[in-house]
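Containing CSV, C-alpha atoms: data_23.csv.
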chain,number,residue,atom,x,y,z
J,22,MET,CA,-12.1,-20.3,6.4
J,23,SER,CA,-8.9,-22.1,5.4
J,24,GLY,CA,-8.5,-19.6,2.6
J,25,LEU,CA,-9.0,-16.7,4.9
J,26,LEU,CA,-6.5,-18.0,7.5
J,27,SER,CA,-3.9,-18.8,4.8
J,28,MET,CA,-4.3,-15.3,3.4
J,29,MET,CA,-3.8,-13.7,6.8
J,30,LEU,CA,-0.7,-15.9,7.4
J,31,ALA,CA,0.6,-14.6,4.0
J,32,LYS,CA,0.1,-11.0,5.2
J,33,ALA,CA,1.9,-11.8,8.5
J,34,SER,CA,4.9,-13.3,6.6
J,35,HIS,CA,4.9,-10.2,4.3
J,36,ASP,CA,4.9,-7.9,7.3
J,37,LEU,CA,7.9,-9.7,8.7
J,38,GLY,CA,9.8,-9.3,5.5
J,39,ASP,CA,9.6,-12.9,4.2
J,40,PRO,CA,8.1,-12.6,0.7
J,41,HIS,CA,8.9,-16.2,-0.3
J,42,ALA,CA,7.0,-17.7,2.7
J,43,ALA,CA,4.2,-15.2,2.1
J,44,MET,CA,3.8,-16.2,-1.5
J,45,LYS,CA,3.6,-19.9,-0.6
J,46,GLN,CA,0.9,-19.2,1.9
J,47,ALA,CA,-1.0,-17.0,-0.6
J,48,ARG,CA,-0.9,-19.9,-3.1
J,49,THR,CA,-2.5,-22.1,-0.5
J,50,ALA,CA,-5.2,-19.4,0.0
J,51,PHE,CA,-5.9,-19.3,-3.7
J,52,ILE,CA,-6.3,-23.1,-3.9
J,53,CYS,CA,-8.8,-22.8,-1.1
J,54,ALA,CA,-10.7,-20.0,-2.9
J,55,ASP,CA,-10.8,-22.1,-6.0
J,56,ASN,CA,-12.1,-25.1,-4.0
J,57,ALA,CA,-14.8,-22.9,-2.4
J,58,ASP,CA,-15.6,-21.4,-5.8
J,59,HIS,CA,-15.6,-17.9,-4.2
J,60,ASN,CA,-14.7,-15.1,-6.6
J,61,GLY,CA,-14.5,-12.5,-3.8
J,62,LEU,CA,-11.8,-14.5,-2.1
J,63,ARG,CA,-10.0,-15.2,-5.4
J,64,VAL,CA,-9.8,-11.5,-6.1
J,65,ARG,CA,-8.6,-10.7,-2.6
J,66,VAL,CA,-5.9,-13.3,-2.7
J,67,ARG,CA,-4.7,-12.0,-6.1
J,68,ALA,CA,-4.7,-8.5,-4.8
J,69,GLN,CA,-2.6,-9.6,-1.8
J,70,GLN,CA,-0.2,-11.5,-4.0
J,71,SER,CA,0.2,-8.4,-6.2
J,72,LEU,CA,0.7,-6.2,-3.2
J,73,MET,CA,3.4,-8.5,-1.7
J,74,ALA,CA,5.3,-8.7,-5.1
J,75,TYR,CA,5.1,-4.9,-5.4
J,76,TRP,CA,6.7,-4.4,-2.0
J,77,ALA,CA,9.3,-7.2,-2.6
J,78,GLY,CA,10.5,-5.2,-5.6
J,79,TRP,CA,9.0,-7.4,-8.3
J,80,PRO,CA,6.6,-5.0,-10.1
J,81,THR,CA,6.3,-7.1,-13.3
J,82,GLU,CA,5.2,-10.0,-11.1
J,83,ALA,CA,2.8,-7.7,-9.2
J,84,ALA,CA,1.2,-6.6,-12.5
J,85,ARG,CA,0.8,-10.3,-13.5
J,86,TYR,CA,-1.0,-11.2,-10.4
J,87,ALA,CA,-3.3,-8.2,-10.7
J,88,GLY,CA,-4.1,-9.2,-14.3
J,89,LEU,CA,-5.0,-12.8,-13.4
J,90,ALA,CA,-8.1,-11.6,-11.5
J,91,ARG,CA,-9.0,-8.6,-13.6
J,92,ASP,CA,-12.0,-10.3,-15.3
J,93,LEU,CA,-13.3,-11.3,-11.9
J,94,ALA,CA,-13.1,-7.8,-10.4
J,95,THR,CA,-16.7,-6.6,-10.7
J,96,GLU,CA,-19.2,-5.0,-8.3
J,97,HIS,CA,-20.2,-8.5,-7.3
J,98,THR,CA,-16.9,-9.2,-5.7
J,99,GLY,CA,-17.3,-6.3,-3.3
J,100,THR,CA,-14.5,-4.0,-2.3
J,101,ALA,CA,-12.0,-6.6,-3.4
J,102,ALA,CA,-12.5,-5.4,-7.0
J,103,ILE,CA,-11.6,-1.8,-5.9
J,104,TRP,CA,-8.6,-3.2,-4.1
J,105,LEU,CA,-7.4,-5.1,-7.2
J,106,MET,CA,-7.8,-2.1,-9.5
J,107,SER,CA,-6.1,0.3,-7.1
J,108,GLN,CA,-3.2,-2.2,-6.6
J,109,SER,CA,-3.0,-2.6,-10.4
J,110,ALA,CA,-2.8,1.2,-10.7
J,111,ARG,CA,0.2,1.7,-8.4
J,112,THR,CA,1.9,-1.3,-10.0
J,113,TRP,CA,1.6,0.0,-13.5
J,114,ALA,CA,2.6,3.5,-12.3
J,115,SER,CA,5.8,2.0,-10.8
J,116,LEU,CA,6.5,0.4,-14.2
J,117,GLY,CA,6.3,3.7,-15.9
J,118,ASP,CA,2.9,3.3,-17.6
J,119,GLY,CA,1.2,6.3,-16.1
J,120,GLU,CA,-1.7,6.4,-18.6
J,121,ARG,CA,-2.7,2.8,-17.8
J,122,ALA,CA,-2.3,3.5,-14.1
J,123,LEU,CA,-4.7,6.5,-14.2
J,124,ASP,CA,-7.2,4.4,-16.2
J,125,ASP,CA,-7.1,1.8,-13.4
J,126,LEU,CA,-7.7,4.5,-10.8
J,127,GLN,CA,-10.7,5.6,-12.8
J,128,GLN,CA,-12.1,2.1,-12.9
J,129,ALA,CA,-11.6,1.7,-9.1
J,130,ALA,CA,-13.5,5.0,-8.6
J,131,ALA,CA,-16.3,3.7,-10.9
J,132,LEU,CA,-16.5,0.4,-8.9
J,133,ARG,CA,-16.8,2.4,-5.7
J,134,GLU,CA,-19.8,4.3,-7.1
J,135,ARG,CA,-21.7,1.1,-7.9
J,136,LEU,CA,-20.4,-1.0,-5.0
J,137,SER,CA,-22.3,-4.0,-3.8
J,138,PRO,CA,-20.6,-5.4,-0.6
J,139,ASP,CA,-20.1,-9.1,-0.6
J,140,ASP,CA,-20.1,-11.5,2.4
J,141,LEU,CA,-16.3,-11.0,3.1
J,142,ASP,CA,-16.8,-7.2,3.3
J,143,ASP,CA,-19.0,-7.9,6.3
J,144,LEU,CA,-16.0,-9.3,8.1
J,145,GLY,CA,-14.3,-5.9,7.9
J,146,GLY,CA,-10.6,-5.3,8.6
J,147,LEU,CA,-8.3,-6.7,5.8
J,148,MET,CA,-11.3,-8.1,3.9
J,149,ARG,CA,-12.9,-4.6,3.3
J,150,PHE,CA,-11.0,-2.1,1.2
J,151,ALA,CA,-12.0,1.1,2.8
J,152,HIS,CA,-12.2,4.5,1.0
J,153,CYS,CA,-9.2,5.8,3.0
J,154,ARG,CA,-7.1,2.9,1.8
J,155,GLN,CA,-8.3,3.6,-1.8
J,156,LEU,CA,-7.1,7.2,-1.5
J,157,TYR,CA,-3.7,6.0,-0.1
J,158,TYR,CA,-3.2,3.7,-3.1
J,159,GLY,CA,-4.3,6.6,-5.3
J,160,ALA,CA,-1.7,8.9,-3.8
J,161,GLU,CA,1.0,6.3,-4.2
J,162,THR,CA,0.0,5.8,-7.9
J,163,GLN,CA,0.5,9.6,-8.4
J,164,ILE,CA,3.9,9.8,-6.8
J,165,TRP,CA,5.3,7.4,-9.5
J,166,ILE,CA,4.0,9.6,-12.3
J,167,PRO,CA,6.2,12.6,-13.2
J,168,GLY,CA,4.4,16.0,-13.0
J,169,ARG,CA,1.7,14.8,-10.7
J,170,GLU,CA,3.3,15.8,-7.4
J,171,GLU,CA,0.6,18.3,-6.5
J,172,GLN,CA,-2.1,15.7,-7.1
J,173,ALA,CA,-0.2,13.2,-5.0
J,174,GLN,CA,0.1,15.6,-2.1
J,175,GLN,CA,-3.7,16.4,-2.3
J,176,VAL,CA,-4.8,12.8,-2.3
J,177,ALA,CA,-2.3,11.7,0.3
J,178,LEU,CA,-3.5,14.5,2.6
J,179,GLU,CA,-7.1,13.4,2.1
J,180,ALA,CA,-6.1,9.8,3.0
J,181,VAL,CA,-4.3,10.9,6.1
J,182,THR,CA,-7.3,13.0,7.2
J,183,LEU,CA,-9.7,10.0,6.8
J,184,TYR,CA,-7.3,7.7,8.6
J,185,GLU,CA,-7.1,10.1,11.5
J,186,ALA,CA,-10.9,10.3,11.7
J,187,ALA,CA,-11.2,6.5,11.6
J,188,ALA,CA,-8.6,6.1,14.4
J,189,ALA,CA,-10.5,8.7,16.5
J,190,GLU,CA,-13.8,6.8,16.0
J,191,GLY,CA,-12.3,3.4,16.7
J,192,SER,CA,-13.3,2.2,13.2
J,193,ASP,CA,-11.8,-1.0,11.9
J,194,ASP,CA,-11.2,0.9,8.6
J,195,TRP,CA,-8.1,2.3,10.4
J,196,ALA,CA,-4.8,0.4,10.0
J,197,TYR,CA,-1.6,2.0,11.3
J,198,GLN,CA,0.4,0.5,8.4
J,199,ASP,CA,-1.7,2.1,5.7
J,200,GLU,CA,-1.9,5.4,7.6
J,201,ALA,CA,1.9,5.3,7.8
J,202,GLY,CA,2.1,4.5,4.0
J,203,ALA,CA,-0.2,7.5,3.3
J,204,ARG,CA,2.0,9.7,5.5
J,205,ALA,CA,5.1,8.5,3.7
J,206,ASP,CA,3.6,9.3,0.3
J,207,LEU,CA,2.6,12.7,1.6
J,208,SER,CA,6.2,13.3,2.7
J,209,TYR,CA,7.5,12.1,-0.6
J,210,SER,CA,5.3,14.4,-2.6
J,211,ARG,CA,6.4,17.3,-0.5
J,212,VAL,CA,10.1,16.5,-0.9
J,213,SER,CA,9.4,16.4,-4.7
J,214,LEU,CA,7.9,19.9,-4.4
J,215,GLY,CA,10.9,21.2,-2.4
J,216,GLU,CA,8.8,21.4,0.9
J,217,ILE,CA,11.3,19.9,3.3
J,218,GLU,CA,9.7,21.2,6.5
J,219,GLY,CA,6.3,19.9,5.4
J,220,ALA,CA,7.8,16.6,4.4
J,221,THR,CA,9.4,16.2,7.8
J,222,GLN,CA,6.2,17.1,9.6
J,223,ALA,CA,4.2,14.5,7.6
J,224,LEU,CA,6.8,11.8,8.4
J,225,GLU,CA,7.2,12.4,12.1
J,226,PRO,CA,4.4,10.1,13.3
J,227,VAL,CA,5.8,7.3,11.2
J,228,LEU,CA,9.3,7.7,12.5
J,229,ASP,CA,7.8,7.7,16.0
J,230,LEU,CA,6.4,4.2,15.6
J,231,PRO,CA,8.0,1.6,17.9
J,232,ALA,CA,10.3,-0.9,16.4
J,233,THR,CA,7.7,-3.7,16.7
J,234,LYS,CA,5.4,-1.8,14.3
J,235,ARG,CA,8.0,-1.1,11.7
J,236,VAL,CA,6.8,-3.8,9.3
J,237,ALA,CA,8.4,-4.2,5.9
J,238,GLY,CA,5.9,-2.2,3.9
J,239,VAL,CA,6.1,0.8,6.2
J,240,VAL,CA,9.9,0.8,6.2
J,241,ASN,CA,10.0,0.5,2.4
J,242,GLY,CA,7.7,3.5,2.1
J,243,VAL,CA,9.9,5.6,4.4
J,244,MET,CA,13.1,4.5,2.5
J,245,ARG,CA,11.5,5.8,-0.7
J,246,VAL,CA,11.4,9.2,1.0
J,247,HIS,CA,15.1,8.8,1.8
J,248,GLY,CA,15.8,8.2,-1.9
J,249,ALA,CA,14.0,11.4,-2.8
J,250,LEU,CA,16.2,13.3,-0.3
J,251,ARG,CA,19.4,12.2,-2.1
J,252,GLY,CA,18.7,14.5,-5.1
J,253,PRO,CA,21.3,17.1,-6.1
J,254,ASP,CA,19.0,19.9,-5.0
J,255,TYR,CA,19.5,18.9,-1.4
J,256,THR,CA,23.2,18.7,-1.3
J,257,GLY,CA,24.5,20.7,1.7
J,258,SER,CA,21.2,21.1,3.4
J,259,ARG,CA,21.5,20.4,7.1
J,260,ALA,CA,17.8,19.8,7.6
J,261,VAL,CA,17.8,17.2,4.8
J,262,ALA,CA,20.9,15.5,6.2
J,263,ARG,CA,19.2,15.2,9.6
J,264,LEU,CA,16.1,13.7,8.1
J,265,ARG,CA,18.1,11.2,6.1
J,266,GLN,CA,20.0,10.2,9.2
J,267,GLU,CA,16.8,9.8,11.2
J,268,ILE,CA,15.3,7.6,8.4
J,269,GLU,CA,18.5,5.4,8.3
J,270,SER,CA,18.4,4.9,12.0
J,271,TYR,CA,14.7,4.0,11.8
J,272,SER,CA,15.3,1.4,9.2
J,273,GLN,CA,18.2,-0.2,11.0
J,274,THR,CA,16.1,-0.8,14.0
J,275,LEU,CA,13.6,-2.8,12.0
J,276,ALA,CA,15.7,-5.8,11.2
J,277,SER,CA,16.8,-6.7,14.7
J,278,ALA,CA,13.4,-6.1,16.2
J,279,LEU,CA,11.5,-8.3,13.8
J,280,THR,CA,14.0,-11.0,13.4
J,281,THR,CA,14.2,-11.4,17.2
J,282,GLY,CA,10.4,-11.5,17.4
J,283,ARG,CA,9.9,-14.3,14.8
Spit out the file's structure as structure tokens when you get a sec.
Amino acid sequence: MSGLLSMMLAKASHDLGDPHAAMKQARTAFICADNADHNGLRVRVRAQQSLMAYWAGWPTEAARYAGLARDLATEHTGTAAIWLMSQSARTWASLGDGERALDDLQQAAALRERLSPDDLDDLGGLMRFAHCRQLYYGAETQIWIPGREEQAQQVALEAVTLYEAAAAEGSDDWAYQDEAGARADLSYSRVSLGEIEGATQALEPVLDLPATKRVAGVVNGVMRVHGALRGPDYTGSRAVARLRQEIESYSQTLASALTTGR
């Protein structure tokens, strides 16, 4: 229980944009997992540490954390194994190793096929790595790999569709942050394909989120779209200029809202 609570505190600190506090709390969570000798929790904490390093802009550190639990990530550690391999995939893709990233995605898919849920999966929420979340990570992996924009768009759209269904059903597989991430990846892939109208449409629900829900990961995903919109192909486009300005205003609202709420 202490390990679970420490891991959730780490996630909260990460959402508030404080990676150093998040990493301290995650280290506590891993000590607890070790003391409990619980491989499922060990893998989940390593995946969370890798995720936090990834969004903090420390991809090499993110890859290191994912590697530390790779040998523990089997069907016996439940959906945590799928999470770790999916997180490893997008990390290696961000480091430019597309081949290794795609291999990790294949391993995640194989783990899903022979999945045996563990006791922490029964808790749901953050502890269960749902299929929609796996697709979201898969889409994000693809956007880092040149030439895979079409695949990224297809997988991101599948993820968004599943998240919408989960939200309509009231399923705890739904998480607004991850749906927002999938939508941002869908928008990014469409920008890469020159589909500005479609990119704007994909991003609108994310830009409509109130300031209190604009957590660090969501804003980082949106700002990645902003980066894609700064390409030379879009110089002089009024539609692109409007979208860039909207994204900038969106990201500026985050800091004051979350800092005040701490």
- Query: Pick from J:Thr221, J:Ser27, J:Thr274, J:Thr95: nearest to J:Gly61, with only C-alpha atoms counted?
  - Reply: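 Nearest to J:Gly61: J:Thr95.
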- Task: Would you mind listing what lies within 7 Å of stretch 140-149 of chain J as a VMD selection string, with all atoms listed in the file counted and same-chain residues fewer than 6 positions away left out?
- Result: chain J and resid 99 to 100 193 to 194
- Message: Show me, as a ChimeraX atom specification, the residues that have an atom within 10 Å of J:Glu269 when counting all atoms listed in the file, minus same-chain residues fewer than 4 positions from it.
- Response: /J:240,243-244,247,263-265,273-274
- Message: Using only C-alpha atoms, can you tell me which of J:Ile217, J:Ala110, J:Val227, J:Ala87 comes closest to J:Ser258?
- Response: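 Between J:Ile217, J:Ala110, J:Val227, J:Ala87, the residue approaching J:Ser258 most closely is J:Ile217.
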- Please, what distance in Å, to one decimal, runs between atom CA of J:Ala203 and atom CA of J:Asn60?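 Computed distance, atom CA of J:Ala203 to atom CA of J:Asn60, equals 28.6 Å.
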- Interatomic distance (Å, one decimal) between atom CA of J:Gln46 and atom CA of J:Ala31: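 Computing it gives 5.1 Å between the two atoms.
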- Message: Counting all atoms listed in the file, find residues at most 8 Å from (-5.4, 9.9, -2.0) (file frame) and give them as an NGL selection string.
- Response: :J and (153 or 155-161 or 173-180 or 203)
- Query: What is the distance, in Å and to one decimal place, between atom CA of J:Phe51 and atom CA of J:Thr81?
  - Reply: 19.7 Å
Neighbour list for stretch 166-170 of chain J as a short mmCIF file (atom, residue, chain, number, x, y, z; two decimals) with C-alpha atoms, in the frame of the given file, cut-off 7 Å, all atoms listed in the file, skip fewer than 2 positions in-chain:
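To be explicit, this is the file written out as around.cif:
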data_model
loop_
_atom_site.label_atom_id
_atom_site.label_comp_id
_atom_site.auth_asym_id
_atom_site.auth_seq_id
_atom_site.Cartn_x
_atom_site.Cartn_y
_atom_site.Cartn_z
CA ALA J 114 2.60 3.50 -12.30
CA GLY J 119 1.20 6.30 -16.10
CA GLN J 163 0.50 9.60 -8.40
CA ILE J 164 3.90 9.80 -6.80
CA GLN J 172 -2.10 15.70 -7.10
CA ALA J 173 -0.20 13.20 -5.00
CA GLN J 174 0.10 15.60 -2.10
CA SER J 210 5.30 14.40 -2.60
CA SER J 213 9.40 16.40 -4.70
CA LEU J 214 7.90 19.90 -4.40
#
- Which polymer residues, protein or nucleic acid, are no farther than 9 Å from (-16.4, 1.4, -8.2), counting all atoms listed in the file, as a PyMOL selection string? chain J and resi 95-96+100+102-103+127-136
- Do you know which residues are at most 12 Å from J:Gly78 counting all atoms listed in the file, after dropping those on the same chain fewer than 5 positions away, and could you put them as a list in words?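 Once the adjacent positions are removed, what remains is Gly38, Pro40, Ser71, Leu72, Met73, Ala83, Ala84, Thr112, Ser115, Leu116, Ala237, Gly238, Asn241 and Gly242 of chain J.
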- Nearest candidate to J:Ala77 (options J:Ala187, J:Arg48, J:His41, J:Leu224; using all atoms listed in the file):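 Selected residue with least distance to J:Ala77: J:His41.
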